[in-house]
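To be precise, the following lines are query12.txt, and they hold compact mmCIF, C-alpha atoms and all ligand atoms.
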```
# COMPACT_ATOMS: atom_id res chain seq x y z
CA MET A 1 -15.18 30.49 -16.25
CA ASN A 2 -12.54 28.99 -18.52
CA ILE A 3 -11.88 30.54 -21.92
CA LEU A 4 -10.39 29.18 -25.13
CA LEU A 5 -8.78 31.97 -27.14
CA ILE A 6 -8.01 31.20 -30.80
CA GLY A 7 -4.96 32.92 -32.28
CA GLY A 8 -1.41 33.87 -31.43
CA GLY A 9 -0.73 37.43 -32.56
CA GLY A 10 -0.52 40.80 -30.87
CA ARG A 11 -4.28 41.17 -31.06
CA GLU A 12 -4.76 37.93 -29.15
CA HIS A 13 -2.11 38.85 -26.57
CA ALA A 14 -4.02 42.08 -25.90
CA LEU A 15 -7.35 40.22 -25.64
CA CYS A 16 -5.76 37.67 -23.32
CA TRP A 17 -4.23 40.40 -21.13
CA LYS A 18 -7.60 42.10 -20.74
CA LEU A 19 -9.56 38.86 -20.26
CA ALA A 20 -7.14 37.84 -17.51
CA GLN A 21 -8.14 40.98 -15.56
CA SER A 22 -11.78 39.83 -15.33
CA PRO A 23 -12.64 38.53 -11.84
CA ASP A 24 -14.82 35.74 -13.28
CA VAL A 25 -12.17 34.29 -15.53
CA GLY A 26 -10.58 31.05 -14.36
CA LYS A 27 -8.17 29.51 -16.80
CA ILE A 28 -7.37 30.84 -20.26
CA PHE A 29 -6.16 28.43 -22.93
CA ALA A 30 -4.66 29.97 -26.05
CA ALA A 31 -4.39 28.06 -29.33
CA PRO A 32 -1.62 28.51 -30.18
CA GLY A 33 -0.93 31.61 -28.03
CA ASN A 34 2.57 33.11 -27.88
CA PRO A 35 5.36 33.56 -25.30
CA GLY A 36 3.98 36.95 -24.19
CA MET A 37 0.88 35.22 -22.85
CA ALA A 38 2.78 32.47 -21.05
CA SER A 39 2.18 33.84 -17.55
CA ILE A 40 -1.58 34.33 -18.04
CA ALA A 41 -2.63 31.55 -20.42
CA GLU A 42 -1.79 27.95 -21.17
CA SER A 43 -0.65 27.49 -24.72
CA VAL A 44 -2.28 24.52 -26.45
CA SER A 45 -1.54 23.03 -29.82
CA LEU A 46 -4.92 22.41 -31.39
CA ASP A 47 -5.65 21.96 -35.08
CA ILE A 48 -8.33 24.64 -35.30
CA SER A 49 -9.44 23.49 -38.75
CA ASN A 50 -10.53 20.26 -37.02
CA HIS A 51 -13.75 21.51 -35.42
CA ASP A 52 -14.48 18.19 -33.71
CA ALA A 53 -11.12 18.40 -31.97
CA VAL A 54 -11.88 21.94 -30.79
CA THR A 55 -15.31 20.85 -29.51
CA ALA A 56 -13.75 17.90 -27.67
CA PHE A 57 -11.13 20.19 -26.10
CA CYS A 58 -13.88 22.52 -24.85
CA ALA A 59 -15.78 19.64 -23.27
CA ALA A 60 -12.65 18.27 -21.61
CA HIS A 61 -11.60 21.65 -20.17
CA ASP A 62 -14.95 23.04 -19.13
CA ILE A 63 -14.73 25.96 -21.58
CA ALA A 64 -17.52 28.51 -21.04
CA LEU A 65 -16.50 30.85 -23.87
CA VAL A 66 -14.52 30.53 -27.09
CA VAL A 67 -13.03 33.80 -28.36
CA ILE A 68 -11.94 33.72 -32.01
CA GLY A 69 -9.27 36.34 -32.87
CA PRO A 70 -8.49 36.05 -36.61
CA GLU A 71 -10.80 36.05 -39.63
CA ALA A 72 -9.75 32.76 -41.25
CA PRO A 73 -11.37 30.41 -38.67
CA LEU A 74 -14.52 32.57 -38.76
CA VAL A 75 -14.82 32.35 -42.54
CA ASP A 76 -14.13 28.62 -42.10
CA GLY A 77 -17.20 28.23 -39.85
CA LEU A 78 -15.56 27.59 -36.47
CA ALA A 79 -18.19 29.74 -34.73
CA ASP A 80 -20.98 27.68 -36.36
CA SER A 81 -19.42 24.46 -35.09
CA MET A 82 -19.12 25.84 -31.56
CA ALA A 83 -22.72 27.07 -31.65
CA ALA A 84 -23.88 23.64 -32.87
CA ALA A 85 -22.19 22.14 -29.81
CA ASP A 86 -23.85 24.71 -27.52
CA ILE A 87 -20.56 26.36 -26.62
CA PRO A 88 -20.84 30.16 -26.33
CA VAL A 89 -18.59 31.69 -28.98
CA PHE A 90 -17.47 35.25 -29.64
CA GLY A 91 -17.32 35.75 -33.41
CA PRO A 92 -19.78 35.61 -36.31
CA SER A 93 -21.05 32.61 -38.26
CA ALA A 94 -19.43 31.80 -41.61
CA LYS A 95 -22.39 33.33 -43.41
CA ALA A 96 -22.18 36.56 -41.43
CA ALA A 97 -18.38 36.61 -41.80
CA GLN A 98 -18.95 37.19 -45.53
CA LEU A 99 -18.97 40.84 -44.48
CA GLU A 100 -15.19 40.45 -44.49
CA GLY A 101 -14.89 37.39 -46.72
CA SER A 102 -16.64 38.85 -49.77
CA LYS A 103 -16.35 42.49 -50.78
CA GLY A 104 -19.17 42.06 -53.33
CA PHE A 105 -21.47 40.67 -50.62
CA THR A 106 -20.83 43.71 -48.44
CA LYS A 107 -21.36 46.16 -51.28
CA ASP A 108 -24.73 44.57 -52.13
CA MET A 109 -25.70 44.74 -48.45
CA CYS A 110 -24.81 48.46 -48.48
CA THR A 111 -27.05 49.01 -51.50
CA ARG A 112 -29.99 47.20 -49.87
CA ALA A 113 -29.59 49.11 -46.60
CA ASN A 114 -28.74 52.46 -48.20
CA ILE A 115 -25.36 52.63 -46.43
CA PRO A 116 -22.98 55.32 -47.74
CA THR A 117 -20.11 53.70 -49.65
CA ALA A 118 -18.29 53.99 -53.00
CA ALA A 119 -20.20 53.28 -56.24
CA TYR A 120 -19.24 49.82 -57.54
CA VAL A 121 -19.77 47.04 -60.05
CA ARG A 122 -19.28 43.30 -59.37
CA THR A 123 -17.63 41.53 -62.31
CA TYR A 124 -17.09 37.83 -63.01
CA ASN A 125 -14.85 37.78 -66.07
CA LEU A 126 -12.36 39.97 -67.88
CA ALA A 127 -14.79 41.26 -70.52
CA GLU A 128 -17.26 42.40 -67.85
CA ALA A 129 -14.48 44.05 -65.88
CA ARG A 130 -13.19 45.93 -68.95
CA ALA A 131 -16.69 47.12 -69.77
CA ALA A 132 -17.19 48.30 -66.18
CA LEU A 133 -13.84 50.12 -66.08
CA ALA A 134 -14.96 52.30 -68.96
CA GLU A 135 -17.67 53.71 -66.67
CA PHE A 136 -15.31 54.91 -63.90
CA ASP A 137 -13.06 57.97 -63.61
CA LEU A 138 -9.39 57.61 -62.63
CA PRO A 139 -8.03 56.75 -60.20
CA VAL A 140 -10.18 53.65 -59.91
CA VAL A 141 -10.16 50.99 -57.19
CA ILE A 142 -9.97 47.30 -58.14
CA LYS A 143 -10.56 44.60 -55.53
CA ALA A 144 -10.33 40.83 -55.51
CA ASP A 145 -13.62 39.75 -53.94
CA GLY A 146 -12.27 37.28 -51.38
CA LEU A 147 -9.67 37.24 -48.60
CA ALA A 148 -6.27 38.13 -50.06
CA ALA A 149 -4.20 38.78 -46.93
CA GLY A 150 -4.65 42.54 -47.28
CA LYS A 151 -3.10 42.58 -50.77
CA GLY A 152 -6.18 42.30 -52.96
CA VAL A 153 -6.80 46.03 -53.45
CA ILE A 154 -5.24 48.01 -56.30
CA ILE A 155 -5.68 51.73 -56.78
CA ALA A 156 -5.02 52.22 -60.48
CA GLN A 157 -3.91 55.69 -61.57
CA THR A 158 -4.01 54.98 -65.30
CA ALA A 159 -6.27 52.99 -67.64
CA GLN A 160 -3.35 50.69 -68.41
CA GLU A 161 -2.73 49.93 -64.74
CA ALA A 162 -6.43 49.22 -64.28
CA ASP A 163 -6.48 46.86 -67.23
CA GLU A 164 -3.39 45.02 -66.00
CA ALA A 165 -4.89 44.70 -62.52
CA VAL A 166 -8.13 43.07 -63.67
CA ALA A 167 -6.23 40.85 -66.12
CA HIS A 168 -3.91 39.73 -63.30
CA MET A 169 -6.84 38.96 -60.98
CA PHE A 170 -8.82 36.99 -63.54
CA ALA A 171 -5.65 35.11 -64.51
CA GLY A 172 -5.59 33.75 -60.95
CA GLY A 173 -3.11 36.23 -59.47
CA PHE A 174 -4.98 36.07 -56.15
CA GLY A 175 -6.22 32.49 -56.48
CA ASP A 176 -9.90 31.93 -55.77
CA ALA A 177 -10.13 35.34 -54.08
CA GLY A 178 -9.96 36.88 -57.57
CA ALA A 179 -12.65 34.79 -59.25
CA GLU A 180 -14.85 37.84 -58.77
CA VAL A 181 -13.51 41.40 -59.04
CA VAL A 182 -15.22 44.47 -57.61
CA ILE A 183 -14.57 47.77 -59.35
CA GLU A 184 -15.11 50.87 -57.23
CA GLU A 185 -15.17 54.61 -57.36
CA PHE A 186 -12.13 56.18 -55.62
CA MET A 187 -13.12 58.12 -52.48
CA THR A 188 -11.06 60.99 -51.07
CA GLY A 189 -10.67 61.71 -47.36
CA GLU A 190 -8.94 60.65 -44.16
CA GLU A 191 -9.27 57.03 -43.09
CA VAL A 192 -10.34 55.98 -39.62
CA SER A 193 -11.47 52.74 -38.01
CA PHE A 194 -14.47 52.30 -35.76
CA PHE A 195 -15.42 49.29 -33.66
CA ALA A 196 -18.78 48.19 -32.26
CA LEU A 197 -20.07 45.06 -30.55
CA THR A 198 -23.34 43.46 -31.56
CA ASP A 199 -25.19 40.27 -30.69
CA GLY A 200 -27.38 40.58 -33.78
CA HIS A 201 -29.94 42.82 -32.04
CA SER A 202 -28.31 45.19 -29.57
CA VAL A 203 -25.33 47.27 -30.61
CA VAL A 204 -22.81 49.04 -28.39
CA PRO A 205 -20.14 51.41 -29.69
CA LEU A 206 -16.57 50.65 -28.65
CA ALA A 207 -14.06 53.22 -29.89
CA SER A 208 -12.22 54.70 -32.85
CA ALA A 209 -8.61 54.15 -33.87
CA GLN A 210 -6.26 55.04 -36.68
CA ASP A 211 -3.92 52.50 -38.24
CA HIS A 212 -0.69 53.06 -40.25
CA LYS A 213 -0.78 50.58 -43.12
CA ARG A 214 2.35 51.42 -45.11
CA VAL A 215 5.66 50.02 -44.00
CA GLY A 216 7.63 53.28 -44.13
CA ASP A 217 7.65 56.72 -42.52
CA GLY A 218 5.40 59.26 -44.20
CA ASP A 219 3.06 56.45 -45.35
CA THR A 220 5.48 55.16 -47.99
CA GLY A 221 6.33 51.68 -49.24
CA PRO A 222 4.18 48.55 -49.46
CA ASN A 223 1.05 47.86 -47.43
CA THR A 224 1.37 45.81 -44.24
CA GLY A 225 -1.04 44.46 -41.66
CA GLY A 226 -0.50 47.72 -39.77
CA MET A 227 2.66 49.31 -38.31
CA GLY A 228 1.07 51.19 -35.41
CA ALA A 229 -2.18 52.68 -34.18
CA TYR A 230 -3.68 55.05 -31.68
CA SER A 231 -7.06 55.44 -30.03
CA PRO A 232 -9.18 57.48 -29.85
CA ALA A 233 -8.84 59.06 -33.29
CA PRO A 234 -10.25 62.56 -32.63
CA VAL A 235 -10.77 63.08 -36.38
CA LEU A 236 -13.88 60.96 -35.81
CA THR A 237 -15.69 63.50 -33.64
CA ASP A 238 -18.60 62.48 -31.40
CA GLU A 239 -20.96 63.86 -34.03
CA LEU A 240 -19.37 61.85 -36.84
CA GLN A 241 -19.34 58.74 -34.64
CA GLU A 242 -23.06 59.13 -34.10
CA GLN A 243 -23.54 59.39 -37.88
CA VAL A 244 -21.53 56.21 -38.33
CA MET A 245 -23.71 54.42 -35.75
CA GLN A 246 -26.97 55.62 -37.32
CA ARG A 247 -26.12 55.42 -41.02
CA ILE A 248 -23.70 52.52 -41.15
CA ILE A 249 -23.55 50.24 -38.08
CA HIS A 250 -27.25 49.98 -37.10
CA PRO A 251 -28.42 49.53 -40.72
CA THR A 252 -25.81 46.78 -41.17
CA VAL A 253 -26.96 44.87 -38.10
CA LYS A 254 -30.57 45.16 -39.26
CA ALA A 255 -29.76 44.15 -42.86
CA MET A 256 -27.87 41.08 -41.66
CA ARG A 257 -30.78 40.08 -39.44
CA ASN A 258 -33.22 40.57 -42.32
CA ALA A 259 -31.05 38.42 -44.56
CA ASP A 260 -31.36 35.66 -41.95
CA MET A 261 -27.70 35.75 -41.06
CA PRO A 262 -27.62 37.79 -37.84
CA TYR A 263 -24.15 39.16 -37.13
CA SER A 264 -22.70 38.49 -33.69
CA GLY A 265 -19.26 39.71 -32.65
CA VAL A 266 -17.23 42.83 -33.29
CA LEU A 267 -17.90 44.94 -36.37
CA TYR A 268 -14.74 46.67 -37.49
CA ALA A 269 -15.67 49.39 -39.95
CA GLY A 270 -12.95 50.83 -42.19
CA LEU A 271 -14.19 54.34 -42.92
CA ILE A 272 -13.22 57.27 -45.06
CA LEU A 273 -14.27 60.76 -44.00
CA THR A 274 -15.38 62.36 -47.26
CA GLU A 275 -16.80 65.82 -47.83
CA GLU A 276 -20.23 64.19 -47.89
CA GLY A 277 -19.67 62.52 -44.53
CA PRO A 278 -18.30 59.14 -43.39
CA LYS A 279 -18.46 56.33 -45.93
CA LEU A 280 -17.76 52.65 -45.50
CA ILE A 281 -14.65 51.28 -47.24
CA GLU A 282 -14.97 47.77 -45.90
CA TYR A 283 -15.89 45.64 -42.90
CA ASN A 284 -13.75 43.23 -40.98
CA CYS A 285 -15.43 40.63 -38.78
CA ARG A 286 -12.79 40.68 -36.01
CA PHE A 287 -10.75 43.16 -34.03
CA GLY A 288 -8.04 45.04 -35.91
CA ASP A 289 -4.42 44.19 -35.31
CA PRO A 290 -2.80 46.42 -33.93
CA GLU A 291 -5.99 48.49 -33.26
CA CYS A 292 -7.17 45.94 -30.69
CA GLN A 293 -4.06 46.59 -28.60
CA VAL A 294 -4.91 50.27 -28.14
CA LEU A 295 -8.61 49.56 -27.56
CA MET A 296 -7.82 47.03 -24.81
CA MET A 297 -5.45 49.48 -23.09
CA ARG A 298 -8.29 52.01 -22.87
CA LEU A 299 -11.17 49.66 -22.03
CA GLN A 300 -12.20 50.08 -18.41
CA ASP A 301 -14.86 47.38 -18.23
CA ASP A 302 -14.86 43.63 -17.89
CA LEU A 303 -14.00 42.26 -21.34
CA ALA A 304 -15.00 38.69 -20.50
CA ALA A 305 -18.48 39.84 -19.43
CA LEU A 306 -18.88 41.86 -22.62
CA LEU A 307 -17.76 39.08 -24.94
CA LEU A 308 -19.85 36.48 -23.13
CA ALA A 309 -22.95 38.70 -23.30
CA THR A 310 -22.32 39.19 -27.03
CA ALA A 311 -21.92 35.45 -27.54
CA LYS A 312 -25.13 34.66 -25.65
CA GLY A 313 -27.28 37.34 -27.29
CA GLU A 314 -27.52 39.23 -23.99
CA LEU A 315 -25.75 42.44 -24.89
CA ALA A 316 -28.84 44.42 -23.89
CA THR A 317 -28.04 43.58 -20.26
CA GLN A 318 -24.66 45.34 -20.43
CA THR A 319 -24.02 49.03 -19.88
CA ALA A 320 -22.12 50.79 -22.67
CA PRO A 321 -18.44 49.94 -22.28
CA ALA A 322 -16.35 52.73 -20.77
CA PHE A 323 -13.02 53.79 -22.26
CA ALA A 324 -10.34 55.89 -20.57
CA ASP A 325 -10.16 59.47 -21.81
CA GLN A 326 -6.45 58.98 -22.24
CA THR A 327 -4.83 58.17 -25.58
CA ALA A 328 -3.27 54.78 -26.20
CA LEU A 329 -0.63 54.44 -28.90
CA THR A 330 1.09 51.30 -30.13
CA ILE A 331 4.25 50.95 -32.20
CA VAL A 332 4.84 47.74 -34.12
CA MET A 333 8.39 46.40 -34.06
CA ALA A 334 8.73 44.22 -37.16
CA ALA A 335 11.46 41.91 -38.41
CA LYS A 336 13.71 43.43 -41.09
CA GLY A 337 12.44 42.50 -44.54
CA TYR A 338 8.75 42.71 -43.52
CA PRO A 339 6.32 42.63 -45.29
CA ALA A 340 7.97 40.73 -48.19
CA THR A 341 10.60 38.54 -46.51
CA PRO A 342 10.79 39.01 -42.73
CA GLU A 343 13.98 37.69 -41.16
CA LYS A 344 13.15 34.91 -38.71
CA GLY A 345 15.09 33.96 -35.61
CA GLY A 346 16.54 37.35 -34.58
CA ALA A 347 17.19 37.53 -30.83
CA ILE A 348 15.18 39.85 -28.57
CA ASN A 349 16.62 40.69 -25.15
CA GLY A 350 15.97 42.79 -22.11
CA LEU A 351 12.20 43.15 -22.42
CA THR A 352 11.64 43.09 -18.67
CA ALA A 353 14.28 45.74 -18.09
CA VAL A 354 12.47 48.24 -20.32
CA GLN A 355 9.04 47.76 -18.71
CA ARG A 356 7.69 50.96 -17.24
CA ASN A 357 4.37 52.22 -15.94
CA ASN A 358 1.76 52.85 -18.59
CA VAL A 359 3.67 50.86 -21.20
CA THR A 360 2.74 47.28 -22.10
CA ILE A 361 4.64 45.19 -24.61
CA PHE A 362 2.37 42.78 -26.45
CA HIS A 363 3.99 39.93 -28.32
CA ALA A 364 2.97 39.18 -31.90
CA GLY A 365 5.40 36.93 -33.83
CA THR A 366 7.75 35.68 -31.12
CA LYS A 367 8.85 32.26 -29.93
CA MET A 368 11.11 30.76 -27.31
CA VAL A 369 14.03 28.69 -28.54
CA ASP A 370 16.14 27.12 -25.79
CA GLY A 371 15.20 29.86 -23.36
CA GLN A 372 15.93 32.67 -25.84
CA LEU A 373 13.11 34.87 -27.15
CA VAL A 374 13.36 35.22 -30.94
CA ALA A 375 11.41 36.79 -33.80
CA ASN A 376 9.05 34.36 -35.49
CA GLY A 377 7.00 36.41 -37.91
CA GLY A 378 6.67 39.73 -39.70
CA ARG A 379 5.27 41.81 -36.88
CA VAL A 380 7.05 40.86 -33.69
CA LEU A 381 6.28 43.20 -30.76
CA ASN A 382 3.66 45.90 -30.11
CA VAL A 383 4.94 48.49 -27.68
CA THR A 384 1.81 50.14 -26.33
CA ALA A 385 1.61 53.21 -24.08
CA MET A 386 -1.09 55.30 -22.43
CA GLY A 387 -0.82 59.05 -21.91
CA ASP A 388 -2.92 62.10 -21.13
CA THR A 389 -2.23 63.32 -24.66
CA ILE A 390 -1.18 61.59 -27.85
CA ASN A 391 2.18 63.27 -27.44
CA ALA A 392 2.69 61.79 -23.97
CA ALA A 393 1.66 58.31 -25.16
CA ARG A 394 3.96 58.56 -28.15
CA THR A 395 6.92 59.78 -26.12
CA ALA A 396 6.55 56.91 -23.65
CA ALA A 397 6.11 54.32 -26.40
CA TYR A 398 9.15 55.50 -28.39
CA ALA A 399 11.33 55.72 -25.26
CA THR A 400 10.58 52.04 -24.66
CA VAL A 401 10.97 51.00 -28.31
CA GLU A 402 14.39 52.62 -28.43
CA SER A 403 15.61 50.61 -25.47
CA VAL A 404 14.37 47.21 -26.70
CA ASP A 405 17.34 45.06 -27.70
CA PHE A 406 16.17 43.64 -31.06
CA PRO A 407 18.92 44.28 -33.64
CA SER A 408 17.10 42.55 -36.49
CA GLY A 409 13.96 44.62 -35.96
CA PHE A 410 12.71 47.96 -37.24
CA TYR A 411 9.77 50.31 -36.69
CA ARG A 412 8.17 53.45 -38.06
CA ASN A 413 9.24 56.72 -36.45
CA ASP A 414 6.04 58.64 -37.07
CA ILE A 415 3.14 56.72 -35.53
CA GLY A 416 0.37 59.21 -34.75
CA TRP A 417 1.61 61.82 -37.24
CA ARG A 418 -1.79 62.80 -38.63
CA GLU A 419 -3.14 63.69 -35.22
CA MET A 420 0.11 65.44 -34.23
CA GLU A 421 -0.09 67.56 -37.40
CA ARG A 422 -3.71 68.39 -36.75
CA GLN A 423 -2.93 69.54 -33.22
CA LYS A 424 -0.14 71.76 -34.52
CA THR A 425 -2.43 73.53 -36.96
CA HIS A 426 -5.28 74.08 -34.49
P1 LIG B 1 -8.81 47.12 -47.91
O1 LIG B 1 -7.89 45.98 -48.24
O2 LIG B 1 -10.21 46.94 -48.38
O3 LIG B 1 -8.60 47.58 -46.50
O4 LIG B 1 -8.29 48.36 -48.76
C1 LIG B 1 -6.97 48.79 -48.61
C2 LIG B 1 -6.91 50.27 -48.72
O5 LIG B 1 -7.31 50.68 -50.02
C3 LIG B 1 -7.85 51.02 -47.80
O6 LIG B 1 -7.33 51.14 -46.53
C4 LIG B 1 -7.92 52.35 -48.51
O7 LIG B 1 -6.77 53.10 -48.25
C5 LIG B 1 -7.89 51.96 -49.95
N1 LIG B 1 -9.24 51.93 -50.54
C6 LIG B 1 -10.05 50.87 -50.63
N2 LIG B 1 -11.20 51.20 -51.25
C7 LIG B 1 -11.10 52.51 -51.55
C8 LIG B 1 -11.96 53.46 -52.22
N3 LIG B 1 -13.14 53.08 -52.73
N4 LIG B 1 -11.53 54.73 -52.33
C9 LIG B 1 -10.32 55.10 -51.86
N5 LIG B 1 -9.47 54.26 -51.24
C10 LIG B 1 -9.85 52.99 -51.09
N1 LIG B 2 -4.73 46.67 -38.96
C1 LIG B 2 -5.60 46.32 -40.01
C2 LIG B 2 -6.35 45.09 -39.80
O1 LIG B 2 -6.35 44.49 -38.75
O2 LIG B 2 -7.00 44.66 -40.74
```
Let's see the structure in the file written out as structure tokens.
Amino acid sequence: MNILLIGGGGREHALCWKLAQSPDVGKIFAAPGNPGMASIAESVSLDISNHDAVTAFCAAHDIALVVIGPEAPLVDGLADSMAAADIPVFGPSAKAAQLEGSKGFTKDMCTRANIPTAAYVRTYNLAEARAALAEFDLPVVIKADGLAAGKGVIIAQTAQEADEAVAHMFAGGFGDAGAEVVIEEFMTGEEVSFFALTDGHSVVPLASAQDHKRVGDGDTGPNTGGMGAYSPAPVLTDELQEQVMQRIIHPTVKAMRNADMPYSGVLYAGLILTEEGPKLIEYNCRFGDPECQVLMMRLQDDLAALLLATAKGELATQTAPAFADQTALTIVMAAKGYPATPEKGGAINGLTAVQRNNVTIFHAGTKMVDGQLVANGGRVLNVTAMGDTINAARTAAYATVESVDFPSGFYRNDIGWREMERQKTH
């Protein structure tokens, strides 16, 4: 079967790499794709906001499955348009994608389904927000309701900071995303991500991972899309994972079905492990980036078969996906200046020379200019290694990172530190 993959980041390179290993996959088209995928996919320039053009492309190229990587086209209803044209699509409908697109929507769903999460109030103007703030202890969490490129969350330590945050949001500081503001109780605990596939009825667990959101070593500096990840994250023990499945994932799938917006695709749960057990911070309606890279390295089953079964509502026919017992760890090499002002155009050389067993370099923001590979975005490369232990994976990944010739790049030196610390103290 031929596949159309939407997106061009490190997440999509990892999906493409894994899809290409499936015996049933014919041609993969990636819109727009990136140079890392060039040997396994044909890059196509498609305006993905033009759903008729995407439908026509699928008809012309005998596409049997559309895989949507990022959240924006999902929130924009691309999956609905594919479904209307009878093209199997991996990714939720626009309505179901509200799980990521609206924090207030998700909180209300949690209330209805009795899913453990932080106490909250949805507010629609400054006066309501100020009144709500008076009810919460400090620190307090303030969130723009809509998609805000990962920047719409403020953890206010003082009443003044909280007031300024809500005033900024209602003054349009985050555009339409801030027309509603959710005020939340601050939860304490370690964060971990968990992924599951669902077709709206059946649910299969995938795996856990831990991201590193801050730009600097020791979790310092501004938030980013993620500077590195590893999987599994042993802090989410088998017992805790089962709790997450029973108390969070299954009730979500059921609540979405009951609300007449069945969720189909990957559920990416951002969790916090509190003293009272795992609680939901938020959902994303797509794979994490760079968490997807480590999940794909560990996945031992046929990704195309899994995604197609999800798309067709036939997940019940699949056996639970198997993951290698090994640890996968990925280090993001970013362009200097990221996340505020990443330097574009920096040359990257010698990638083939540094290739070694058990290490895969996924491309994120790269492009070819006159035969030279250059940086073309904030996060540029994801150097991803497998090892019998997190230490082995980390050593292999850093050895490769250090020999990549990318003078205008930088990376964190401490990916995996929480798990390394834990192992030292046990
Ligand atoms: P989000 O953009 O929703 O991923 O939130 C960004 C980060 O804010 C999360 O990864 C958490 O570190 C933090 N956060 C969000 N909500 C809460 C909460 N209720 N309690 C504590 N931390 C939170
Ligand atoms: N790495 C965080 C995310 O994909 O949202």
Item to check | Distance query Phe170 of chain A at most 12 Å, all atoms listed in the file, self and fewer than 5 positions along chain excluded, as a list of chain:residue names | outcome: A:Thr123, A:Tyr124, A:Asn125, A:Leu126, A:Ala127, A:Glu128, A:Ala129, A:Arg130, A:Ile142, A:Lys143, A:Ala144, A:Asp145, A:Asp163, A:Glu164, A:Ala165, A:Gly175, A:Asp176, A:Ala177, A:Gly178, A:Ala179, A:Glu180, A:Val181, A:Val182
Next on the checklist: Taking 2 positions as the minimum chain separation for residues in the same chain, which residues sit within 12 Å of Ile40 of chain A when counting all atoms listed in the file? Answer as a VMD selection string.
Outcome noted: chain A and resid 3 5 13 to 22 25 to 30 33 to 38 42 to 43
Determine, using all atoms listed in the file, which residues of chain A have any atom at most 6 Å from an atom of ligand LIG 2 (chain B), and tabulate each with its shortest atom pair and distance in Å to one decimal place, rows ordered by chain and then rising number, as CSV.
```
residue,atom,partner,partner_atom,distance
A:Asp211,CA,B:LIG2,N1,5.9
A:Gly225,CA,B:LIG2,N1,5.1
A:Gly226,CA,B:LIG2,N1,4.4
A:Gly288,CA,B:LIG2,O1,3.4
A:Asp289,CA,B:LIG2,O1,4.0
A:Pro290,CA,B:LIG2,N1,5.4
```
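Comparing the minimum interatomic distances between ligand LIG 1 (chain B) and each of A:Pro92, A:Pro23, A:Gly146, A:Pro321, counting all atoms listed in the file, we find that A:Gly146 sits nearest.
Here atom CA of Pro339 of chain A is placed at a distance of 20.5 Å from atom N5 of ligand LIG 1 (chain B).
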Ligand LIG 1 (chain B) neighbours within 10 Å using all atoms listed in the file, as an mmCIF file with C-alpha atoms, in the coordinates of the input:
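Written out: pocket-v3.cif:
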```cif
data_model
loop_
_atom_site.group_PDB
_atom_site.id
_atom_site.type_symbol
_atom_site.label_atom_id
_atom_site.label_comp_id
_atom_site.auth_asym_id
_atom_site.auth_seq_id
_atom_site.Cartn_x
_atom_site.Cartn_y
_atom_site.Cartn_z
ATOM 1 C CA GLU A 100 -15.190 40.450 -44.490
ATOM 2 C CA LYS A 103 -16.350 42.490 -50.780
ATOM 3 C CA THR A 117 -20.110 53.700 -49.650
ATOM 4 C CA ALA A 118 -18.290 53.990 -53.000
ATOM 5 C CA ALA A 119 -20.200 53.280 -56.240
ATOM 6 C CA TYR A 120 -19.240 49.820 -57.540
ATOM 7 C CA PRO A 139 -8.030 56.750 -60.200
ATOM 8 C CA VAL A 140 -10.180 53.650 -59.910
ATOM 9 C CA VAL A 141 -10.160 50.990 -57.190
ATOM 10 C CA ILE A 142 -9.970 47.300 -58.140
ATOM 11 C CA LYS A 143 -10.560 44.600 -55.530
ATOM 12 C CA ALA A 144 -10.330 40.830 -55.510
ATOM 13 C CA ASP A 145 -13.620 39.750 -53.940
ATOM 14 C CA LEU A 147 -9.670 37.240 -48.600
ATOM 15 C CA ALA A 148 -6.270 38.130 -50.060
ATOM 16 C CA ALA A 149 -4.200 38.780 -46.930
ATOM 17 C CA GLY A 150 -4.650 42.540 -47.280
ATOM 18 C CA LYS A 151 -3.100 42.580 -50.770
ATOM 19 C CA GLY A 152 -6.180 42.300 -52.960
ATOM 20 C CA VAL A 153 -6.800 46.030 -53.450
ATOM 21 C CA ILE A 154 -5.240 48.010 -56.300
ATOM 22 C CA ILE A 155 -5.680 51.730 -56.780
ATOM 23 C CA ILE A 183 -14.570 47.770 -59.350
ATOM 24 C CA GLU A 184 -15.110 50.870 -57.230
ATOM 25 C CA GLU A 185 -15.170 54.610 -57.360
ATOM 26 C CA PHE A 186 -12.130 56.180 -55.620
ATOM 27 C CA MET A 187 -13.120 58.120 -52.480
ATOM 28 C CA THR A 188 -11.060 60.990 -51.070
ATOM 29 C CA GLY A 189 -10.670 61.710 -47.360
ATOM 30 C CA GLU A 190 -8.940 60.650 -44.160
ATOM 31 C CA GLU A 191 -9.270 57.030 -43.090
ATOM 32 C CA VAL A 192 -10.340 55.980 -39.620
ATOM 33 C CA SER A 193 -11.470 52.740 -38.010
ATOM 34 C CA ASP A 211 -3.920 52.500 -38.240
ATOM 35 C CA HIS A 212 -0.690 53.060 -40.250
ATOM 36 C CA LYS A 213 -0.780 50.580 -43.120
ATOM 37 C CA ARG A 214 2.350 51.420 -45.110
ATOM 38 C CA ASN A 223 1.050 47.860 -47.430
ATOM 39 C CA THR A 224 1.370 45.810 -44.240
ATOM 40 C CA GLY A 225 -1.040 44.460 -41.660
ATOM 41 C CA ALA A 269 -15.670 49.390 -39.950
ATOM 42 C CA GLY A 270 -12.950 50.830 -42.190
ATOM 43 C CA LEU A 271 -14.190 54.340 -42.920
ATOM 44 C CA ILE A 272 -13.220 57.270 -45.060
ATOM 45 C CA THR A 274 -15.380 62.360 -47.260
ATOM 46 C CA LYS A 279 -18.460 56.330 -45.930
ATOM 47 C CA LEU A 280 -17.760 52.650 -45.500
ATOM 48 C CA ILE A 281 -14.650 51.280 -47.240
ATOM 49 C CA GLU A 282 -14.970 47.770 -45.900
ATOM 50 C CA TYR A 283 -15.890 45.640 -42.900
ATOM 51 C CA ASN A 284 -13.750 43.230 -40.980
#
```
